[in-house]
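Asks: This is query.cif, which holds mmCIF, C-alpha atoms:
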```cif
data_model
#
loop_
_atom_site.group_PDB
_atom_site.id
_atom_site.type_symbol
_atom_site.label_atom_id
_atom_site.label_comp_id
_atom_site.auth_asym_id
_atom_site.auth_seq_id
_atom_site.Cartn_x
_atom_site.Cartn_y
_atom_site.Cartn_z
ATOM 1 C CA MET G 1 114.305 73.618 184.602
ATOM 2 C CA LYS G 2 117.812 74.573 183.508
ATOM 3 C CA LYS G 3 118.144 78.113 182.190
ATOM 4 C CA ALA G 4 118.679 78.468 178.495
ATOM 5 C CA ILE G 5 119.717 80.916 175.823
ATOM 6 C CA ALA G 6 118.910 80.897 172.120
ATOM 7 C CA VAL G 7 120.573 82.147 168.954
ATOM 8 C CA LEU G 8 119.108 83.163 165.598
ATOM 9 C CA CYS G 9 120.111 84.852 162.363
ATOM 10 C CA SER G 10 117.859 87.489 160.852
ATOM 11 C CA GLY G 11 117.846 89.389 157.565
ATOM 12 C CA GLY G 12 120.423 88.776 154.861
ATOM 13 C CA ASP G 13 122.978 86.040 155.427
ATOM 14 C CA GLY G 14 126.709 86.651 155.450
ATOM 15 C CA PRO G 15 129.851 84.503 155.502
ATOM 16 C CA GLY G 16 131.098 84.127 159.055
ATOM 17 C CA MET G 17 127.698 83.743 160.680
ATOM 18 C CA ASN G 18 128.372 80.061 161.269
ATOM 19 C CA SER G 19 131.521 80.933 163.177
ATOM 20 C CA ALA G 20 129.454 83.186 165.442
ATOM 21 C CA ILE G 21 126.785 80.502 165.902
ATOM 22 C CA ARG G 22 129.452 77.938 166.813
ATOM 23 C CA SER G 23 130.952 80.347 169.314
ATOM 24 C CA VAL G 24 127.586 81.143 170.914
ATOM 25 C CA VAL G 25 126.653 77.477 171.281
ATOM 26 C CA ARG G 26 129.953 76.311 172.736
ATOM 27 C CA THR G 27 130.417 79.317 174.996
ATOM 28 C CA GLY G 28 126.840 78.966 176.221
ATOM 29 C CA ILE G 29 127.332 75.311 177.073
ATOM 30 C CA GLU G 30 130.601 76.151 178.839
ATOM 31 C CA GLN G 31 128.705 78.764 180.866
ATOM 32 C CA GLY G 32 126.167 76.153 181.980
ATOM 33 C CA TYR G 33 123.232 77.020 179.702
ATOM 34 C CA ASP G 34 121.080 74.879 177.499
ATOM 35 C CA VAL G 35 121.487 76.459 174.080
ATOM 36 C CA PHE G 36 118.767 76.474 171.430
ATOM 37 C CA GLY G 37 119.121 77.300 167.771
ATOM 38 C CA VAL G 38 116.164 79.110 166.225
ATOM 39 C CA TYR G 39 115.613 78.430 162.538
ATOM 40 C CA LYS G 40 114.635 81.129 160.008
ATOM 41 C CA GLY G 41 115.128 84.130 162.253
ATOM 42 C CA PHE G 42 112.271 85.762 164.141
ATOM 43 C CA ALA G 43 109.849 83.729 162.033
ATOM 44 C CA GLY G 44 111.231 80.627 163.748
ATOM 45 C CA LEU G 45 110.106 81.978 167.110
ATOM 46 C CA LEU G 46 106.578 82.408 165.784
ATOM 47 C CA ASP G 47 106.537 78.953 164.175
ATOM 48 C CA GLU G 48 108.378 77.354 167.119
ATOM 49 C CA GLU G 49 111.141 76.061 164.855
ATOM 50 C CA ILE G 50 113.743 75.545 167.524
ATOM 51 C CA GLU G 51 116.273 72.854 168.340
ATOM 52 C CA LYS G 52 118.494 72.193 171.331
ATOM 53 C CA MET G 53 122.109 72.447 170.219
ATOM 54 C CA THR G 54 125.038 70.316 171.356
ATOM 55 C CA LEU G 55 128.783 70.631 170.888
ATOM 56 C CA SER G 56 128.448 68.333 167.875
ATOM 57 C CA SER G 57 125.640 70.435 166.381
ATOM 58 C CA VAL G 58 128.169 73.089 165.454
ATOM 59 C CA GLY G 59 131.057 70.833 164.466
ATOM 60 C CA ASN G 60 132.585 71.322 161.011
ATOM 61 C CA ILE G 61 130.616 74.497 160.216
ATOM 62 C CA ILE G 62 133.161 77.259 160.752
ATOM 63 C CA GLN G 63 134.362 77.083 157.131
ATOM 64 C CA ARG G 64 130.891 77.107 155.593
ATOM 65 C CA GLY G 65 129.199 80.174 154.143
ATOM 66 C CA GLY G 66 125.620 81.173 154.859
ATOM 67 C CA THR G 67 124.033 80.117 158.137
ATOM 68 C CA ILE G 68 123.104 76.616 159.314
ATOM 69 C CA LEU G 69 120.144 78.172 161.141
ATOM 70 C CA HIS G 70 118.846 79.766 157.926
ATOM 71 C CA SER G 71 117.475 83.279 157.958
ATOM 72 C CA SER G 72 114.475 85.330 156.893
ATOM 73 C CA ARG G 73 112.925 88.770 156.970
ATOM 74 C CA CYS G 74 109.881 88.456 159.242
ATOM 75 C CA LEU G 75 107.304 91.140 158.426
ATOM 76 C CA GLU G 76 104.973 89.866 161.150
ATOM 77 C CA PHE G 77 107.503 90.964 163.756
ATOM 78 C CA HIS G 78 106.552 94.573 163.010
ATOM 79 C CA GLU G 79 103.272 93.887 164.839
ATOM 80 C CA ALA G 80 103.151 93.926 168.645
ATOM 81 C CA LYS G 81 100.948 90.838 168.896
ATOM 82 C CA TYR G 82 103.536 88.707 167.125
ATOM 83 C CA ARG G 83 106.361 90.018 169.278
ATOM 84 C CA LYS G 84 104.316 89.024 172.322
ATOM 85 C CA LYS G 85 103.830 85.567 170.852
ATOM 86 C CA ALA G 86 107.590 85.238 170.368
ATOM 87 C CA ALA G 87 108.311 86.425 173.908
ATOM 88 C CA ASP G 88 105.774 84.020 175.407
ATOM 89 C CA PHE G 89 107.365 81.152 173.516
ATOM 90 C CA LEU G 90 110.859 82.050 174.739
ATOM 91 C CA LYS G 91 109.651 82.225 178.331
ATOM 92 C CA SER G 92 107.872 78.858 178.002
ATOM 93 C CA LYS G 93 111.251 77.327 177.142
ATOM 94 C CA SER G 94 112.954 79.052 180.106
ATOM 95 C CA ILE G 95 115.101 80.991 177.641
ATOM 96 C CA VAL G 96 116.553 83.914 179.550
ATOM 97 C CA GLY G 97 118.564 85.467 176.746
ATOM 98 C CA LEU G 98 118.513 85.703 172.974
ATOM 99 C CA VAL G 99 121.507 86.257 170.690
ATOM 100 C CA ILE G 100 120.567 87.930 167.402
ATOM 101 C CA ILE G 101 122.988 87.968 164.466
ATOM 102 C CA GLY G 102 121.850 90.442 161.828
ATOM 103 C CA GLY G 103 121.604 94.011 160.646
ATOM 104 C CA ASN G 104 119.696 97.159 161.429
ATOM 105 C CA GLY G 105 116.191 95.725 161.069
ATOM 106 C CA SER G 106 117.119 92.747 163.230
ATOM 107 C CA PHE G 107 118.462 95.039 165.939
ATOM 108 C CA GLN G 108 115.233 97.059 165.849
ATOM 109 C CA GLY G 109 113.246 93.866 166.416
ATOM 110 C CA ALA G 110 115.536 92.819 169.246
ATOM 111 C CA ASN G 111 115.171 96.210 170.902
ATOM 112 C CA LEU G 112 111.362 96.038 170.814
ATOM 113 C CA LEU G 113 111.407 92.491 172.194
ATOM 114 C CA HIS G 114 113.539 93.709 175.076
ATOM 115 C CA GLN G 115 111.593 96.902 175.789
ATOM 116 C CA GLU G 116 108.131 95.385 175.548
ATOM 117 C CA HIS G 117 108.718 91.995 177.175
ATOM 118 C CA ASP G 118 111.933 92.291 179.190
ATOM 119 C CA ILE G 119 113.741 89.680 177.085
ATOM 120 C CA SER G 120 117.514 89.999 177.472
ATOM 121 C CA VAL G 121 119.144 90.354 174.067
ATOM 122 C CA ALA G 122 122.735 90.348 172.845
ATOM 123 C CA CYS G 123 123.187 91.444 169.254
ATOM 124 C CA ILE G 124 126.012 90.724 166.818
ATOM 125 C CA PRO G 125 126.467 92.838 163.651
ATOM 126 C CA GLY G 126 126.025 90.500 160.705
ATOM 127 C CA THR G 127 125.558 92.217 157.335
ATOM 128 C CA ILE G 128 127.831 92.357 154.310
ATOM 129 C CA ASP G 129 126.982 96.068 153.894
ATOM 130 C CA ASN G 130 128.805 96.926 157.141
ATOM 131 C CA ASP G 131 126.242 99.640 157.841
ATOM 132 C CA ILE G 132 125.556 99.209 161.570
ATOM 133 C CA SER G 133 126.071 102.400 163.547
ATOM 134 C CA GLY G 134 128.442 102.088 166.482
ATOM 135 C CA SER G 135 130.627 99.366 164.961
ATOM 136 C CA ASP G 136 133.494 99.580 162.499
ATOM 137 C CA TYR G 137 132.830 96.028 161.326
ATOM 138 C CA SER G 138 130.070 93.523 160.690
ATOM 139 C CA ILE G 139 130.322 89.822 159.917
ATOM 140 C CA GLY G 140 130.489 89.046 156.197
ATOM 141 C CA PHE G 141 131.863 92.376 154.979
ATOM 142 C CA ASP G 142 135.437 91.184 154.545
ATOM 143 C CA THR G 143 134.458 88.055 152.609
ATOM 144 C CA ALA G 144 132.089 90.031 150.382
ATOM 145 C CA LEU G 145 134.940 92.392 149.518
ATOM 146 C CA ASN G 146 137.301 89.520 148.738
ATOM 147 C CA THR G 147 134.691 87.816 146.556
ATOM 148 C CA ALA G 148 134.030 90.998 144.594
ATOM 149 C CA VAL G 149 137.735 91.755 144.180
ATOM 150 C CA GLU G 150 138.441 88.257 142.859
ATOM 151 C CA ALA G 151 135.605 88.534 140.344
ATOM 152 C CA ILE G 152 136.650 92.001 139.170
ATOM 153 C CA ASP G 153 140.268 90.898 138.723
ATOM 154 C CA LYS G 154 138.973 88.309 136.258
ATOM 155 C CA ILE G 155 136.764 90.854 134.537
ATOM 156 C CA ARG G 156 139.795 93.127 134.178
ATOM 157 C CA ASP G 157 141.595 90.362 132.256
ATOM 158 C CA THR G 158 138.919 90.164 129.579
ATOM 159 C CA ALA G 159 138.431 93.944 129.578
ATOM 160 C CA THR G 160 142.115 94.389 128.790
ATOM 161 C CA SER G 161 142.068 91.691 126.123
ATOM 162 C CA HIS G 162 139.298 93.501 124.235
ATOM 163 C CA ASP G 163 140.090 97.149 125.104
ATOM 164 C CA ARG G 164 136.770 97.476 126.904
ATOM 165 C CA THR G 165 135.141 99.432 129.677
ATOM 166 C CA PHE G 166 133.156 97.416 132.203
ATOM 167 C CA LEU G 167 130.547 98.613 134.663
ATOM 168 C CA VAL G 168 130.547 96.206 137.622
ATOM 169 C CA GLU G 169 127.566 96.423 139.952
ATOM 170 C CA VAL G 170 128.189 95.392 143.554
ATOM 171 C CA MET G 171 125.761 95.031 146.451
ATOM 172 C CA GLY G 172 124.880 97.808 148.873
ATOM 173 C CA ARG G 173 121.368 99.215 148.548
ATOM 174 C CA SER G 174 121.786 102.106 150.957
ATOM 175 C CA SER G 175 125.470 101.881 151.769
ATOM 176 C CA GLY G 176 128.412 102.531 149.460
ATOM 177 C CA ARG G 177 130.999 100.839 151.657
ATOM 178 C CA ILE G 178 131.426 97.768 149.471
ATOM 179 C CA ALA G 179 131.594 99.903 146.341
ATOM 180 C CA ILE G 180 134.282 102.346 147.505
ATOM 181 C CA ASN G 181 136.442 99.678 149.132
ATOM 182 C CA VAL G 182 136.253 97.429 146.083
ATOM 183 C CA ALA G 183 136.936 100.355 143.729
ATOM 184 C CA ILE G 184 140.196 101.201 145.480
ATOM 185 C CA ALA G 185 141.235 97.563 145.912
ATOM 186 C CA THR G 186 140.756 96.744 142.207
ATOM 187 C CA GLY G 187 142.215 99.934 140.767
ATOM 188 C CA ALA G 188 138.878 101.009 139.324
ATOM 189 C CA GLU G 189 138.730 104.233 137.347
ATOM 190 C CA SER G 190 135.579 105.498 139.017
ATOM 191 C CA VAL G 191 132.633 104.607 141.256
ATOM 192 C CA ILE G 192 128.957 105.471 140.897
ATOM 193 C CA PHE G 193 126.670 105.975 143.897
ATOM 194 C CA PRO G 194 123.061 106.218 142.641
ATOM 195 C CA ASP G 195 121.999 108.578 145.423
ATOM 196 C CA GLN G 196 124.825 111.001 144.662
ATOM 197 C CA VAL G 197 125.439 110.919 140.907
ATOM 198 C CA LYS G 198 123.188 113.155 138.787
ATOM 199 C CA THR G 199 125.181 112.959 135.544
ATOM 200 C CA LEU G 200 127.970 110.721 134.309
ATOM 201 C CA ASP G 201 130.078 113.624 133.060
ATOM 202 C CA GLY G 202 132.851 112.977 135.548
ATOM 203 C CA VAL G 203 132.834 109.219 135.002
ATOM 204 C CA ALA G 204 132.967 109.614 131.232
ATOM 205 C CA ALA G 205 135.769 112.183 131.462
ATOM 206 C CA THR G 206 137.858 109.828 133.600
ATOM 207 C CA ILE G 207 137.381 106.953 131.150
ATOM 208 C CA LYS G 208 138.220 109.110 128.114
ATOM 209 C CA ARG G 209 141.301 110.513 129.830
ATOM 210 C CA GLY G 210 142.554 106.971 130.351
ATOM 211 C CA ILE G 211 141.828 106.009 126.765
ATOM 212 C CA SER G 212 143.720 109.073 125.506
ATOM 213 C CA ARG G 213 146.878 107.968 127.286
ATOM 214 C CA GLY G 214 146.618 104.409 126.008
ATOM 215 C CA LYS G 215 144.777 102.531 128.751
ATOM 216 C CA GLN G 216 143.547 99.165 127.508
ATOM 217 C CA SER G 217 140.690 98.761 129.981
ATOM 218 C CA SER G 218 138.544 100.678 132.423
ATOM 219 C CA ILE G 219 136.535 99.427 135.373
ATOM 220 C CA VAL G 220 133.724 101.467 136.920
ATOM 221 C CA ILE G 221 132.142 100.186 140.133
ATOM 222 C CA VAL G 222 128.405 100.762 140.602
ATOM 223 C CA ALA G 223 126.675 100.543 143.986
ATOM 224 C CA GLU G 224 123.396 98.758 143.306
ATOM 225 C CA GLY G 225 121.131 101.344 144.961
ATOM 226 C CA ASP G 226 117.499 100.741 145.865
ATOM 227 C CA GLN G 227 116.136 100.422 142.315
ATOM 228 C CA GLU G 228 116.661 97.477 140.003
ATOM 229 C CA GLY G 229 118.228 98.049 136.624
ATOM 230 C CA LEU G 230 120.333 101.100 137.436
ATOM 231 C CA GLY G 231 123.419 99.475 135.974
ATOM 232 C CA TYR G 232 121.655 99.045 132.626
ATOM 233 C CA ASN G 233 120.598 102.689 132.698
ATOM 234 C CA TYR G 234 124.177 103.809 133.250
ATOM 235 C CA GLN G 235 125.413 101.518 130.474
ATOM 236 C CA LYS G 236 122.900 102.997 128.030
ATOM 237 C CA ASP G 237 123.690 106.540 129.144
ATOM 238 C CA LEU G 238 127.433 106.092 128.562
ATOM 239 C CA LYS G 239 126.791 104.680 125.098
ATOM 240 C CA ASP G 240 124.106 107.116 123.938
ATOM 241 C CA ASN G 241 125.362 110.353 125.457
ATOM 242 C CA TYR G 242 129.121 109.862 125.770
ATOM 243 C CA GLU G 243 129.875 107.417 122.921
ATOM 244 C CA LEU G 244 131.425 104.892 125.283
ATOM 245 C CA ASP G 245 130.521 101.293 124.456
ATOM 246 C CA THR G 246 130.547 99.585 127.839
ATOM 247 C CA LYS G 247 129.726 96.133 129.148
ATOM 248 C CA LEU G 248 127.794 95.516 132.357
ATOM 249 C CA CYS G 249 128.442 92.765 134.892
ATOM 250 C CA ILE G 250 126.172 92.420 137.936
ATOM 251 C CA LEU G 251 127.865 90.404 140.679
ATOM 252 C CA GLY G 252 124.691 90.061 142.746
ATOM 253 C CA HIS G 253 124.332 87.463 145.461
ATOM 254 C CA ILE G 254 127.628 85.750 144.698
ATOM 255 C CA GLN G 255 128.979 88.286 147.217
ATOM 256 C CA ARG G 256 126.914 86.762 150.029
ATOM 257 C CA GLY G 257 128.175 83.216 149.617
ATOM 258 C CA GLY G 258 131.388 81.262 149.772
ATOM 259 C CA ASN G 259 133.798 80.222 152.475
ATOM 260 C CA PRO G 260 134.262 83.015 155.015
ATOM 261 C CA SER G 261 137.618 84.749 155.186
ATOM 262 C CA ALA G 262 139.940 84.245 158.147
ATOM 263 C CA SER G 263 138.927 87.692 159.379
ATOM 264 C CA ASP G 264 135.189 86.917 159.310
ATOM 265 C CA ARG G 265 135.756 83.578 161.054
ATOM 266 C CA PHE G 266 137.923 85.125 163.762
ATOM 267 C CA ASN G 267 135.682 88.129 164.342
ATOM 268 C CA GLY G 268 132.562 85.973 164.357
ATOM 269 C CA ALA G 269 134.108 83.780 167.033
ATOM 270 C CA ARG G 270 135.103 86.750 169.182
ATOM 271 C CA MET G 271 131.702 88.378 168.866
ATOM 272 C CA GLY G 272 129.798 85.200 169.663
ATOM 273 C CA TYR G 273 131.895 84.644 172.776
ATOM 274 C CA LEU G 274 131.355 88.207 173.982
ATOM 275 C CA ALA G 275 127.603 88.053 173.356
ATOM 276 C CA VAL G 276 127.186 85.022 175.625
ATOM 277 C CA LYS G 277 129.465 86.484 178.286
ATOM 278 C CA ALA G 278 127.269 89.593 178.253
ATOM 279 C CA LEU G 279 124.139 87.548 178.931
ATOM 280 C CA SER G 280 125.817 85.464 181.618
ATOM 281 C CA SER G 281 126.986 88.602 183.432
ATOM 282 C CA GLY G 282 123.472 90.025 183.556
ATOM 283 C CA GLU G 283 123.588 92.475 180.635
ATOM 284 C CA THR G 284 120.128 92.892 179.132
ATOM 285 C CA ALA G 285 120.492 94.788 175.832
ATOM 286 C CA THR G 286 123.951 94.904 174.283
ATOM 287 C CA VAL G 287 125.804 94.722 170.979
ATOM 288 C CA THR G 288 129.270 93.284 170.455
ATOM 289 C CA VAL G 289 131.130 95.796 168.312
ATOM 290 C CA LYS G 290 134.571 96.389 166.925
ATOM 291 C CA ARG G 291 135.888 99.913 167.405
ATOM 292 C CA ASN G 292 139.389 101.145 166.691
ATOM 293 C CA GLY G 293 140.598 97.583 166.394
ATOM 294 C CA SER G 294 139.165 96.385 169.718
ATOM 295 C CA PHE G 295 136.100 94.297 170.561
ATOM 296 C CA LYS G 296 133.733 95.612 173.207
ATOM 297 C CA LEU G 297 130.154 95.580 174.451
ATOM 298 C CA VAL G 298 128.005 98.678 174.010
ATOM 299 C CA PRO G 299 124.337 99.424 174.745
ATOM 300 C CA LEU G 300 121.942 98.359 171.993
ATOM 301 C CA SER G 301 120.620 101.925 171.898
ATOM 302 C CA GLU G 302 123.909 103.036 170.300
ATOM 303 C CA CYS G 303 123.496 100.726 167.310
ATOM 304 C CA LEU G 304 119.931 101.170 166.103
ATOM 305 C CA GLU G 305 120.572 103.442 163.147
ATOM 306 C CA LYS G 306 121.896 102.600 159.709
ATOM 307 C CA ARG G 307 125.319 104.022 158.932
ATOM 308 C CA ASN G 308 125.302 104.950 155.266
ATOM 309 C CA ASP G 309 128.356 107.182 155.251
ATOM 310 C CA PHE G 310 132.018 106.326 154.792
ATOM 311 C CA ASP G 311 135.280 108.213 155.132
ATOM 312 C CA PRO G 312 135.130 110.890 152.387
ATOM 313 C CA GLU G 313 138.901 110.714 152.080
ATOM 314 C CA LEU G 314 138.419 107.395 150.278
ATOM 315 C CA LEU G 315 136.943 109.251 147.308
ATOM 316 C CA ASN G 316 140.017 111.456 147.162
ATOM 317 C CA ILE G 317 142.230 108.387 147.234
ATOM 318 C CA LEU G 318 140.295 106.809 144.375
ATOM 319 C CA LYS G 319 140.406 110.003 142.317
ATOM 320 C CA THR G 320 144.150 110.365 142.847
ATOM 321 C CA LEU G 321 145.004 106.747 142.041
ATOM 322 C CA SER G 322 142.794 106.560 138.941
ATOM 323 C CA MET G 323 144.605 109.354 137.089
#
```
Taking this structure as input, can you express it in the form of structure tokens?
Replies:
Amino acid sequence: MKKAIAVLCSGGDGPGMNSAIRSVVRTGIEQGYDVFGVYKGFAGLLDEEIEKMTLSSVGNIIQRGGTILHSSRCLEFHEAKYRKKAADFLKSKSIVGLVIIGGNGSFQGANLLHQEHDISVACIPGTIDNDISGSDYSIGFDTALNTAVEAIDKIRDTATSHDRTFLVEVMGRSSGRIAINVAIATGAESVIFPDQVKTLDGVAATIKRGISRGKQSSIVIVAEGDQEGLGYNYQKDLKDNYELDTKLCILGHIQRGGNPSASDRFNGARMGYLAVKALSSGETATVTVKRNGSFKLVPLSECLEKRNDFDPELLNILKTLSM
């Protein structure tokens, strides 16, 4: 039987994943493999939801958001017996390598599949939070930023028209990368990170300073954090304790969708190509990363932790520019 590889998406979706899938399929076929697409992530391996892909299977998808293979968060994969079931299924299909597009949890699952059952894996960072250790970039981050910036520009128009302050909540449960990048890109007055902010004294002072010099609007970016409703709490706090009547806008999952940016399409294509080349050259557990502007392969062991930090100088930039 001809050797095969498979590709799946796991965890949250992100614009640009389809570009990576297209690249994996076409590069795999060029390398002489049968290529299978696994639907709904690791759950698809357990449910045997798999389809042989052709060149036409991935035609006209590069511009589409989301993932044609769908995705899921598979809790069963935390149990060894289900990982064995997945590995046995892959081996029954003569699949010698698996490409996983996803985030930290997906990489953890891939690592266990490799360690426990000697399945060769090639991982591609795919999360709009851009919180994979070992890589400066993950698929979907650029588009999510552009989507948020476009929305906030429109919010700024109405904020200015009514002399209002808006809190705008962006995604990023454990990572503030979207929040700080969007804050600087939209000229926001301040940013709130739930795990760092104990009082809103500084935020309120910045808003009032702007009002005192005649500013017609203020935008404060809020990282969503790991608890629902934080934006409403901040809105109430600013009104009750600082006498600032603010409006709240939660962007939510709009940041996950939409046509991927040129950057996410290009990077997805490069990463998909490198992932297949890694498998075809005999690599067994790698990640395609972008570091210092260059694409490279690194051991999976370097990319298993979440990266929740960002360059602290960005906060200084925001503070300086929001005077």
Asks: For G:Leu300, which of G:Ala80, G:Ala122, G:Ala275, G:Ile207 is the closest residue, counting all atoms listed in the file?
Replies: G:Ala122
Asks: Report the residues retrieved by the PyMOL selection byres ((chain G and resi 85) around 12) from the displayed file, expressed as a list of chain:residue names.
Replies: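 On this input, the PyMOL selection byres ((chain G and resi 85) around 12) captures G:Phe42, G:Ala43, G:Gly44, G:Leu45, G:Leu46, G:Asp47, G:Glu48, G:Glu76, G:Phe77, G:Glu79, G:Ala80, G:Lys81, G:Tyr82, G:Arg83, G:Lys84, G:Ala86, G:Ala87, G:Asp88, G:Phe89, G:Leu90, G:Lys91, G:Ser92, G:Leu113, G:Glu116, G:His117.
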Asks: I'd like the neighbourhood of G:Ala151 as a compact mmCIF listing (two decimals) with C-alpha atoms, in the frame of the given file, where a residue qualifies if any of its atoms comes within 10 Å (using all atoms listed in the file), though same-chain residues fewer than 6 positions away should be ignored.
Replies:
```txt
# COMPACT_ATOMS: atom_id res chain seq x y z
CA LEU G 145 134.94 92.39 149.52
CA VAL G 168 130.55 96.21 137.62
CA THR G 186 140.76 96.74 142.21
CA CYS G 249 128.44 92.76 134.89
CA LEU G 251 127.86 90.40 140.68
CA ILE G 254 127.63 85.75 144.70
CA GLN G 255 128.98 88.29 147.22
```
Asks: Could you put an axis-aligned box around every listed atom of stretch 61-74 of chain G, padded by 8 Å on each side, and send me its centre and edge lengths in Å to one decimal, as JSON?
Replies:
```
{"center_x": 122.1, "center_y": 81.6, "center_z": 157.6, "size_x": 40.5, "size_y": 30.3, "size_z": 23.0}
```
Asks: Step by step, work through what the PyMOL selection byres ((chain G and resi 305) around 8) selects in the shown file, and finish by giving those residues as a list in words.
Replies: Asn104, Ile132, Ser133, Glu302, Cys303, Leu304, Lys306 and Arg307 of chain G
Asks: Run the PyMOL selection byres ((chain G and resi 222) around 10) mentally over the shown coordinates, then write out the matched residues as a PyMOL selection string, using the chain letters and numbers from the document.
Replies: chain G and resi 167-172+176+178-180+183+190-194+219-221+223-225+230-231+234+248-250
Asks: Can you pull out the residues contacting G:Ile62? Cut-off 7 Å, using all atoms listed in the file, and skip same-chain residues under 6 positions away; I want them as a list of chain:residue names.
Replies: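 Counting only the stated atoms, we get G:Asn18, G:Ser19, G:Arg265.
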Asks: When you draw a straight line from atom CA of G:Gly109 to atom CA of G:Val121, how long is it in Å?
Replies: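 Distance between the two atoms: 10.3 Å.
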